[in-house]
$ cat my_file38.txt   # compact mmCIF, C-alpha atoms
# COMPACT_ATOMS: atom_id res chain seq x y z
CA MET A 104 3.12 -10.59 -28.09
CA SER A 105 1.23 -13.75 -27.24
CA GLY A 106 -2.22 -13.30 -25.70
CA SER A 107 -2.21 -16.76 -24.12
CA THR A 108 0.31 -16.05 -21.34
CA GLY A 109 -0.01 -13.80 -18.34
CA THR A 110 1.86 -10.54 -17.98
CA VAL A 111 4.36 -11.97 -15.49
CA GLN A 112 5.15 -14.82 -17.87
CA GLN A 113 5.51 -12.39 -20.79
CA ILE A 114 8.01 -10.31 -18.82
CA GLU A 115 9.95 -13.38 -17.69
CA ASN A 116 10.07 -14.70 -21.27
CA GLY A 117 11.02 -11.32 -22.73
CA ASP A 118 7.86 -11.41 -24.86
CA ILE A 119 6.79 -7.85 -24.12
CA THR A 120 8.23 -4.53 -25.20
CA PRO A 121 8.43 -1.49 -22.93
CA TYR A 122 5.72 0.17 -25.07
CA GLU A 123 3.41 -2.83 -24.67
CA ALA A 124 4.12 -2.91 -20.94
CA ALA A 125 3.40 0.83 -20.66
CA SER A 126 0.11 0.38 -22.56
CA GLN A 127 -0.93 -2.48 -20.30
CA LEU A 128 0.06 -0.53 -17.19
CA ALA A 129 -2.05 2.46 -18.29
CA VAL A 130 -5.08 0.22 -18.87
CA VAL A 131 -4.58 -1.63 -15.57
CA THR A 132 -4.28 1.69 -13.73
CA ALA A 133 -7.55 2.91 -15.26
CA MET A 134 -9.18 -0.41 -14.37
CA LEU A 135 -7.93 -0.20 -10.77
CA LYS A 136 -9.34 3.33 -10.43
CA GLN A 137 -12.73 2.11 -11.66
CA LEU A 138 -12.57 -0.97 -9.44
CA LYS A 139 -11.67 1.09 -6.35
CA THR A 140 -14.65 3.38 -6.99
CA SER A 141 -16.95 0.39 -7.46
CA GLU A 142 -15.51 -1.38 -4.41
CA LYS A 143 -16.08 1.64 -2.16
CA ALA A 144 -19.65 2.09 -3.39
CA LEU A 145 -20.45 -1.60 -2.90
CA ARG A 146 -18.84 -1.73 0.56
CA ASP A 147 -20.70 1.39 1.68
CA TYR A 148 -23.99 0.02 0.32
CA LEU A 149 -23.60 -3.40 1.96
CA THR A 150 -22.48 -1.90 5.28
CA GLY A 151 -25.87 -0.21 5.49
CA GLN A 152 -27.81 -3.22 4.24
CA LEU A 153 -26.46 -6.15 6.26
CA GLY A 154 -27.10 -6.79 9.92
CA ASP A 155 -24.37 -7.30 12.51
CA ARG A 156 -22.26 -10.36 11.58
CA GLU A 157 -24.69 -11.22 8.79
CA HIS A 158 -23.07 -12.83 5.79
CA LEU A 159 -24.08 -13.44 2.22
CA THR A 160 -22.60 -16.29 0.23
CA THR A 161 -22.52 -15.82 -3.52
CA MET A 162 -21.02 -17.93 -6.29
CA PHE A 163 -17.99 -15.57 -6.16
CA GLY A 164 -17.39 -15.48 -2.42
CA GLU A 165 -18.71 -14.58 0.99
CA VAL A 166 -19.33 -11.09 2.37
CA THR A 167 -19.69 -10.57 6.13
CA GLN A 168 -20.77 -7.48 8.04
CA LYS A 169 -18.26 -6.65 10.78
CA ARG A 170 -19.11 -4.60 13.82
CA GLY A 171 -17.14 -1.37 14.13
CA ALA A 172 -15.04 -0.53 17.17
CA GLN A 173 -15.21 2.43 19.52
CA ALA A 174 -12.43 4.97 19.04
CA LYS A 175 -9.81 5.00 21.80
CA TRP A 176 -7.19 7.58 22.71
CA ARG A 177 -3.55 6.69 22.16
CA VAL A 178 -0.38 8.69 22.72
CA THR A 179 1.37 9.55 19.45
CA ASP A 180 4.11 11.77 20.86
CA PRO A 181 4.97 11.05 24.50
CA VAL A 182 6.99 14.27 24.92
CA GLU A 183 4.17 16.48 23.64
CA TYR A 184 1.67 14.56 25.74
CA ALA A 185 3.86 15.06 28.85
CA LYS A 186 4.03 18.80 28.10
CA TRP A 187 0.24 18.87 27.91
CA LEU A 188 -0.09 16.95 31.18
CA ILE A 189 2.24 19.44 32.90
CA SER A 190 0.40 22.44 31.44
CA THR A 191 -2.94 21.10 32.69
CA GLY A 192 -1.73 20.48 36.25
CA HIS A 193 -0.95 16.76 36.01
CA GLU A 194 2.85 16.95 36.39
CA ASP A 195 2.62 14.07 38.89
CA MET A 196 1.81 11.85 35.88
CA THR A 197 5.16 12.63 34.17
CA VAL A 198 8.83 11.75 34.64
CA THR A 199 11.97 13.60 33.66
CA LEU A 200 14.01 11.74 31.05
CA PRO A 201 17.14 12.72 29.14
CA VAL A 202 16.26 13.44 25.54
CA PRO A 203 18.53 14.63 22.72
CA VAL A 204 18.32 18.22 21.56
CA ASP A 205 16.55 18.76 18.24
CA ASP A 206 19.81 19.41 16.35
CA ALA A 207 21.18 16.01 17.45
CA CYS A 208 18.18 14.30 15.81
CA LYS A 209 18.81 15.66 12.31
CA PRO A 210 19.96 13.07 9.72
CA ASP A 211 23.29 14.86 9.05
CA ALA A 212 24.03 15.04 12.78
CA ILE A 213 23.33 11.32 13.27
CA SER A 214 25.62 10.50 10.32
CA ALA A 215 28.34 12.73 11.81
CA PHE A 216 28.04 11.00 15.22
CA ILE A 217 28.32 7.56 13.56
CA THR A 218 31.44 8.69 11.69
CA ALA A 219 32.92 10.21 14.89
CA ASN A 220 32.29 6.89 16.68
CA GLY A 221 34.22 4.86 14.11
CA GLY A 222 31.12 3.71 12.23
CA GLU A 223 29.26 2.43 15.28
CA VAL A 224 25.54 2.93 14.67
CA PRO A 225 22.99 3.59 17.42
CA PRO A 226 20.75 0.67 18.40
CA ARG A 227 17.78 0.18 16.06
CA GLU A 228 15.33 1.21 18.78
CA ALA A 229 17.22 4.51 19.18
CA ALA A 230 17.64 5.56 15.55
CA ASP A 231 16.72 3.88 12.31
CA LEU A 232 17.78 4.40 8.72
CA LYS A 233 14.52 5.16 6.91
CA GLY A 234 13.39 6.63 3.67
CA GLY A 235 14.94 6.22 0.32
CA SER A 236 13.01 4.68 -2.49
CA ALA A 237 13.51 2.45 -5.46
CA ASP A 238 13.20 3.73 -9.00
CA SER A 239 9.60 3.68 -10.16
CA VAL A 240 7.29 4.88 -12.90
CA THR A 241 4.25 7.13 -12.81
CA VAL A 242 1.14 6.32 -14.79
CA LYS A 243 -1.42 8.68 -16.31
CA PRO A 244 -4.05 6.73 -18.23
CA ALA A 245 -5.26 8.58 -21.34
CA GLY A 246 -8.80 8.60 -19.97
CA THR A 247 -11.29 6.56 -17.98
CA LEU A 248 -11.71 2.86 -18.58
CA SER A 249 -14.72 3.55 -20.85
CA GLU A 250 -12.74 6.13 -22.84
CA LEU A 251 -9.84 3.71 -23.26
CA ALA A 252 -12.19 0.95 -24.37
CA ALA A 253 -13.85 3.28 -26.90
CA LYS A 254 -10.44 4.42 -28.18
CA ASN A 255 -9.36 0.80 -28.56
CA LYS A 256 -12.54 0.00 -30.45
CA ARG A 257 -11.98 2.96 -32.82
CA VAL A 258 -8.35 1.96 -33.46
CA ASN A 259 -9.34 -1.65 -34.13
CA GLY A 260 -12.13 -0.48 -36.45
CA ASP A 261 -9.76 1.81 -38.37
CA MET A 262 -7.24 -1.04 -38.73
CA ARG A 263 -9.92 -3.43 -39.99
CA LEU A 264 -11.10 -0.91 -42.58
CA ALA A 265 -7.52 -0.18 -43.69
CA LEU A 266 -6.95 -3.92 -44.19
CA GLY A 267 -10.15 -4.26 -46.20
CA MET A 268 -11.89 -6.25 -43.50
CA ALA A 269 -15.52 -5.92 -42.52
CA PRO A 270 -16.18 -3.60 -39.60
CA GLU A 271 -17.11 -5.14 -36.24
CA GLU A 272 -20.69 -5.37 -35.08
CA PRO A 273 -22.09 -2.12 -33.57
CA GLU A 274 -21.57 -1.63 -29.83
CA SER A 275 -24.35 -2.96 -27.64
CA GLU A 276 -25.51 -1.66 -24.30
CA SER A 277 -23.58 -4.47 -22.58
CA ASP A 278 -20.23 -3.16 -23.94
CA ASP A 279 -20.14 -0.29 -21.42
CA VAL A 280 -17.27 -1.31 -19.13
CA GLU A 281 -17.89 1.56 -16.64
CA GLY A 282 -21.21 -0.02 -15.65
CA MET A 283 -19.97 -3.61 -15.61
CA GLU A 284 -20.22 -5.58 -12.44
CA PHE A 285 -17.11 -7.60 -11.65
$ encode --input "my_file38.txt" --output "structure tokens"
Amino acid sequence: MSGSTGTVQQIENGDITPYEAASQLAVVTAMLKQLKTSEKALRDYLTGQLGDREHLTTMFGEVTQKRGAQAKWRVTDPVEYAKWLISTGHEDMTVTLPVPVDDACKPDAISAFITANGGEVPPREAADLKGGSADSVTVKPAGTLSELAAKNKRVNGDMRLALGMAPEEPESESDDVEGMEF
């Protein structure tokens, strides 16, 4: 595996094995977990530190404080909301509409109606084919980013010793990837 090309290029060129890809994916997943934790902490910190619409420009980018918005009510289920309006004495704020019975809304029933209608499907705004998913993989890194880095360092050290090579320099304080700022 060549270290000079990116992962996408390695995959496109067929220069990566499934084992190597799985190893990289585990490390990337651990890194993302650490980055998400750091990102949340930094966002929360800066939200409390910056004034409204204040921005800081650094050599890596610009960060701007945005004003929050007031929460507003919205109807998520019109039928349930209409039932509530009726139950609280506001029936004048509702209309009577034809709605399908619950059994007619089940996936098997919709499929049966489509078959019975010669394959004609309901309009997209009436019923939609949803769900399903592509094949995927799950990832469980073998530890935190720091633990993976330490494991990698031990494996590399063992390999160097087995090959009769001098061990690497001892780890310094700056080698702690958990505390690194990105």
$ atom_distance --input "my_file38.txt" --atom1 "atom CA of A:Ser126" --atom2 "atom CA of A:Arg263"
20.5 Å
$ residues_around --input "my_file38.txt" --residues "A:Gln168" --least-positions-apart "6" --cutoff "10 Å" --atoms "only C-alpha atoms" --output "ChimeraX atom specification"
/A:146,149-159
$ atom_distance --input "my_file38.txt" --atom1 "atom CA of A:Glu183" --atom2 "atom CA of A:Asp211"
24.1 Å
$ atom_distance --input "my_file38.txt" --atom1 "atom CA of A:Tyr148" --atom2 "atom CA of A:Thr167"
12.8 Å
$ closest_residue --input "my_file38.txt" --among "A:Met262, A:Gly171, A:Val242, A:Lys143" --to "A:Ala124" --atoms "all atoms listed in the file"
A:Val242
$ closest_residue --input "my_file38.txt" --among "A:Ile217, A:Leu135, A:Val130, A:Val224" --to "A:Lys254" --atoms "all atoms listed in the file"
A:Val130
$ residues_near_point --input "my_file38.txt" --point "(-3.4, 7.0, -16.7)" --cutoff "9 Å" --atoms "only C-alpha atoms" --output "number ranges by chain"
A: 128-133, 241-247
$ decode --input "my_file38.txt" --residues "stretch 167-200 of chain A" --atoms "N, CA, C and O atoms" --output "PDB file, in the first residue's frame"
ATOM      1  N   THR A 167     -17.946  32.716  13.578  1.00  0.00           N
ATOM      2  CA  THR A 167     -18.885  33.806  13.835  1.00  0.00           C
ATOM      3  C   THR A 167     -19.965  33.340  14.800  1.00  0.00           C
ATOM      4  O   THR A 167     -20.503  32.252  14.651  1.00  0.00           O
ATOM      5  N   GLN A 168     -20.270  34.178  15.769  1.00  0.00           N
ATOM      6  CA  GLN A 168     -21.358  33.909  16.712  1.00  0.00           C
ATOM      7  C   GLN A 168     -22.672  34.228  16.028  1.00  0.00           C
ATOM      8  O   GLN A 168     -22.840  35.302  15.455  1.00  0.00           O
ATOM      9  N   LYS A 169     -23.604  33.286  16.023  1.00  0.00           N
ATOM     10  CA  LYS A 169     -24.922  33.517  15.435  1.00  0.00           C
ATOM     11  C   LYS A 169     -25.957  33.620  16.546  1.00  0.00           C
ATOM     12  O   LYS A 169     -25.893  32.880  17.517  1.00  0.00           O
ATOM     13  N   ARG A 170     -26.887  34.529  16.370  1.00  0.00           N
ATOM     14  CA  ARG A 170     -27.951  34.705  17.339  1.00  0.00           C
ATOM     15  C   ARG A 170     -28.947  33.561  17.207  1.00  0.00           C
ATOM     16  O   ARG A 170     -29.324  33.169  16.113  1.00  0.00           O
ATOM     17  N   GLY A 171     -29.366  33.009  18.319  1.00  0.00           N
ATOM     18  CA  GLY A 171     -30.364  31.944  18.311  1.00  0.00           C
ATOM     19  C   GLY A 171     -31.732  32.482  17.930  1.00  0.00           C
ATOM     20  O   GLY A 171     -31.945  33.687  17.843  1.00  0.00           O
ATOM     21  N   ALA A 172     -32.664  31.587  17.694  1.00  0.00           N
ATOM     22  CA  ALA A 172     -34.020  31.974  17.313  1.00  0.00           C
ATOM     23  C   ALA A 172     -35.004  31.490  18.366  1.00  0.00           C
ATOM     24  O   ALA A 172     -34.769  30.483  19.030  1.00  0.00           O
ATOM     25  N   GLN A 173     -36.084  32.220  18.502  1.00  0.00           N
ATOM     26  CA  GLN A 173     -37.140  31.848  19.440  1.00  0.00           C
ATOM     27  C   GLN A 173     -37.869  30.619  18.907  1.00  0.00           C
ATOM     28  O   GLN A 173     -38.159  30.527  17.718  1.00  0.00           O
ATOM     29  N   ALA A 174     -38.182  29.692  19.788  1.00  0.00           N
ATOM     30  CA  ALA A 174     -38.934  28.505  19.395  1.00  0.00           C
ATOM     31  C   ALA A 174     -40.337  28.902  18.974  1.00  0.00           C
ATOM     32  O   ALA A 174     -40.923  29.841  19.535  1.00  0.00           O
ATOM     33  N   LYS A 175     -40.875  28.218  17.959  1.00  0.00           N
ATOM     34  CA  LYS A 175     -42.221  28.487  17.464  1.00  0.00           C
ATOM     35  C   LYS A 175     -42.965  27.171  17.354  1.00  0.00           C
ATOM     36  O   LYS A 175     -42.396  26.143  17.019  1.00  0.00           O
ATOM     37  N   TRP A 176     -44.266  27.222  17.613  1.00  0.00           N
ATOM     38  CA  TRP A 176     -45.097  26.030  17.475  1.00  0.00           C
ATOM     39  C   TRP A 176     -45.285  25.706  16.008  1.00  0.00           C
ATOM     40  O   TRP A 176     -45.373  26.598  15.174  1.00  0.00           O
ATOM     41  N   ARG A 177     -45.345  24.403  15.704  1.00  0.00           N
ATOM     42  CA  ARG A 177     -45.693  23.959  14.361  1.00  0.00           C
ATOM     43  C   ARG A 177     -46.500  22.676  14.494  1.00  0.00           C
ATOM     44  O   ARG A 177     -46.306  21.905  15.436  1.00  0.00           O
ATOM     45  N   VAL A 178     -47.392  22.458  13.585  1.00  0.00           N
ATOM     46  CA  VAL A 178     -48.246  21.270  13.605  1.00  0.00           C
ATOM     47  C   VAL A 178     -47.473  20.113  12.978  1.00  0.00           C
ATOM     48  O   VAL A 178     -46.986  20.230  11.852  1.00  0.00           O
ATOM     49  N   THR A 179     -47.345  19.018  13.712  1.00  0.00           N
ATOM     50  CA  THR A 179     -46.651  17.845  13.197  1.00  0.00           C
ATOM     51  C   THR A 179     -47.614  16.773  12.719  1.00  0.00           C
ATOM     52  O   THR A 179     -47.274  15.973  11.861  1.00  0.00           O
ATOM     53  N   ASP A 180     -48.806  16.744  13.260  1.00  0.00           N
ATOM     54  CA  ASP A 180     -49.833  15.789  12.842  1.00  0.00           C
ATOM     55  C   ASP A 180     -51.163  16.533  12.816  1.00  0.00           C
ATOM     56  O   ASP A 180     -51.800  16.721  13.861  1.00  0.00           O
ATOM     57  N   PRO A 181     -51.589  16.965  11.626  1.00  0.00           N
ATOM     58  CA  PRO A 181     -52.812  17.767  11.531  1.00  0.00           C
ATOM     59  C   PRO A 181     -54.042  17.074  12.109  1.00  0.00           C
ATOM     60  O   PRO A 181     -54.905  17.728  12.712  1.00  0.00           O
ATOM     61  N   VAL A 182     -54.156  15.761  11.933  1.00  0.00           N
ATOM     62  CA  VAL A 182     -55.328  15.043  12.447  1.00  0.00           C
ATOM     63  C   VAL A 182     -55.347  15.089  13.977  1.00  0.00           C
ATOM     64  O   VAL A 182     -56.372  15.388  14.595  1.00  0.00           O
ATOM     65  N   GLU A 183     -54.210  14.799  14.599  1.00  0.00           N
ATOM     66  CA  GLU A 183     -54.142  14.835  16.064  1.00  0.00           C
ATOM     67  C   GLU A 183     -54.363  16.248  16.585  1.00  0.00           C
ATOM     68  O   GLU A 183     -55.012  16.453  17.614  1.00  0.00           O
ATOM     69  N   TYR A 184     -53.846  17.241  15.868  1.00  0.00           N
ATOM     70  CA  TYR A 184     -54.045  18.623  16.278  1.00  0.00           C
ATOM     71  C   TYR A 184     -55.532  19.000  16.183  1.00  0.00           C
ATOM     72  O   TYR A 184     -56.082  19.641  17.079  1.00  0.00           O
ATOM     73  N   ALA A 185     -56.198  18.552  15.101  1.00  0.00           N
ATOM     74  CA  ALA A 185     -57.643  18.813  14.957  1.00  0.00           C
ATOM     75  C   ALA A 185     -58.422  18.159  16.087  1.00  0.00           C
ATOM     76  O   ALA A 185     -59.357  18.766  16.636  1.00  0.00           O
ATOM     77  N   LYS A 186     -58.052  16.938  16.468  1.00  0.00           N
ATOM     78  CA  LYS A 186     -58.717  16.259  17.592  1.00  0.00           C
ATOM     79  C   LYS A 186     -58.546  17.088  18.867  1.00  0.00           C
ATOM     80  O   LYS A 186     -59.479  17.238  19.655  1.00  0.00           O
ATOM     81  N   TRP A 187     -57.363  17.615  19.068  1.00  0.00           N
ATOM     82  CA  TRP A 187     -57.107  18.434  20.257  1.00  0.00           C
ATOM     83  C   TRP A 187     -57.942  19.714  20.208  1.00  0.00           C
ATOM     84  O   TRP A 187     -58.519  20.112  21.227  1.00  0.00           O
ATOM     85  N   LEU A 188     -57.999  20.346  19.042  1.00  0.00           N
ATOM     86  CA  LEU A 188     -58.808  21.564  18.918  1.00  0.00           C
ATOM     87  C   LEU A 188     -60.268  21.277  19.259  1.00  0.00           C
ATOM     88  O   LEU A 188     -60.906  22.046  19.990  1.00  0.00           O
ATOM     89  N   ILE A 189     -60.805  20.162  18.744  1.00  0.00           N
ATOM     90  CA  ILE A 189     -62.197  19.801  19.024  1.00  0.00           C
ATOM     91  C   ILE A 189     -62.391  19.541  20.510  1.00  0.00           C
ATOM     92  O   ILE A 189     -63.347  20.026  21.122  1.00  0.00           O
ATOM     93  N   SER A 190     -61.453  18.817  21.119  1.00  0.00           N
ATOM     94  CA  SER A 190     -61.582  18.467  22.544  1.00  0.00           C
ATOM     95  C   SER A 190     -61.463  19.681  23.458  1.00  0.00           C
ATOM     96  O   SER A 190     -61.909  19.638  24.606  1.00  0.00           O
ATOM     97  N   THR A 191     -60.870  20.762  22.968  1.00  0.00           N
ATOM     98  CA  THR A 191     -60.716  21.961  23.799  1.00  0.00           C
ATOM     99  C   THR A 191     -61.713  23.053  23.420  1.00  0.00           C
ATOM    100  O   THR A 191     -61.545  24.211  23.812  1.00  0.00           O
ATOM    101  N   GLY A 192     -62.748  22.671  22.639  1.00  0.00           N
ATOM    102  CA  GLY A 192     -63.815  23.622  22.329  1.00  0.00           C
ATOM    103  C   GLY A 192     -63.537  24.515  21.138  1.00  0.00           C
ATOM    104  O   GLY A 192     -64.190  25.551  20.980  1.00  0.00           O
ATOM    105  N   HIS A 193     -62.626  24.167  20.280  1.00  0.00           N
ATOM    106  CA  HIS A 193     -62.310  25.000  19.112  1.00  0.00           C
ATOM    107  C   HIS A 193     -62.662  24.282  17.811  1.00  0.00           C
ATOM    108  O   HIS A 193     -61.951  24.388  16.815  1.00  0.00           O
ATOM    109  N   GLU A 194     -63.801  23.554  17.812  1.00  0.00           N
ATOM    110  CA  GLU A 194     -64.187  22.794  16.613  1.00  0.00           C
ATOM    111  C   GLU A 194     -64.419  23.697  15.404  1.00  0.00           C
ATOM    112  O   GLU A 194     -64.310  23.258  14.265  1.00  0.00           O
ATOM    113  N   ASP A 195     -64.705  25.002  15.652  1.00  0.00           N
ATOM    114  CA  ASP A 195     -64.889  25.934  14.550  1.00  0.00           C
ATOM    115  C   ASP A 195     -63.587  26.167  13.771  1.00  0.00           C
ATOM    116  O   ASP A 195     -63.616  26.716  12.672  1.00  0.00           O
ATOM    117  N   MET A 196     -62.467  25.735  14.315  1.00  0.00           N
ATOM    118  CA  MET A 196     -61.164  25.880  13.664  1.00  0.00           C
ATOM    119  C   MET A 196     -60.743  24.594  12.929  1.00  0.00           C
ATOM    120  O   MET A 196     -59.583  24.431  12.567  1.00  0.00           O
ATOM    121  N   THR A 197     -61.722  23.675  12.704  1.00  0.00           N
ATOM    122  CA  THR A 197     -61.425  22.412  12.020  1.00  0.00           C
ATOM    123  C   THR A 197     -62.381  22.218  10.852  1.00  0.00           C
ATOM    124  O   THR A 197     -63.415  22.887  10.773  1.00  0.00           O
ATOM    125  N   VAL A 198     -61.996  21.320   9.937  1.00  0.00           N
ATOM    126  CA  VAL A 198     -62.858  20.917   8.835  1.00  0.00           C
ATOM    127  C   VAL A 198     -62.920  19.401   8.806  1.00  0.00           C
ATOM    128  O   VAL A 198     -62.030  18.724   9.322  1.00  0.00           O
ATOM    129  N   THR A 199     -63.959  18.872   8.201  1.00  0.00           N
ATOM    130  CA  THR A 199     -64.087  17.431   8.068  1.00  0.00           C
ATOM    131  C   THR A 199     -63.545  17.032   6.701  1.00  0.00           C
ATOM    132  O   THR A 199     -63.977  17.571   5.672  1.00  0.00           O
ATOM    133  N   LEU A 200     -62.580  16.137   6.697  1.00  0.00           N
ATOM    134  CA  LEU A 200     -61.964  15.668   5.461  1.00  0.00           C
ATOM    135  C   LEU A 200     -62.029  14.147   5.409  1.00  0.00           C
ATOM    136  O   LEU A 200     -61.931  13.481   6.444  1.00  0.00           O
TER     137      LEU A 200
END
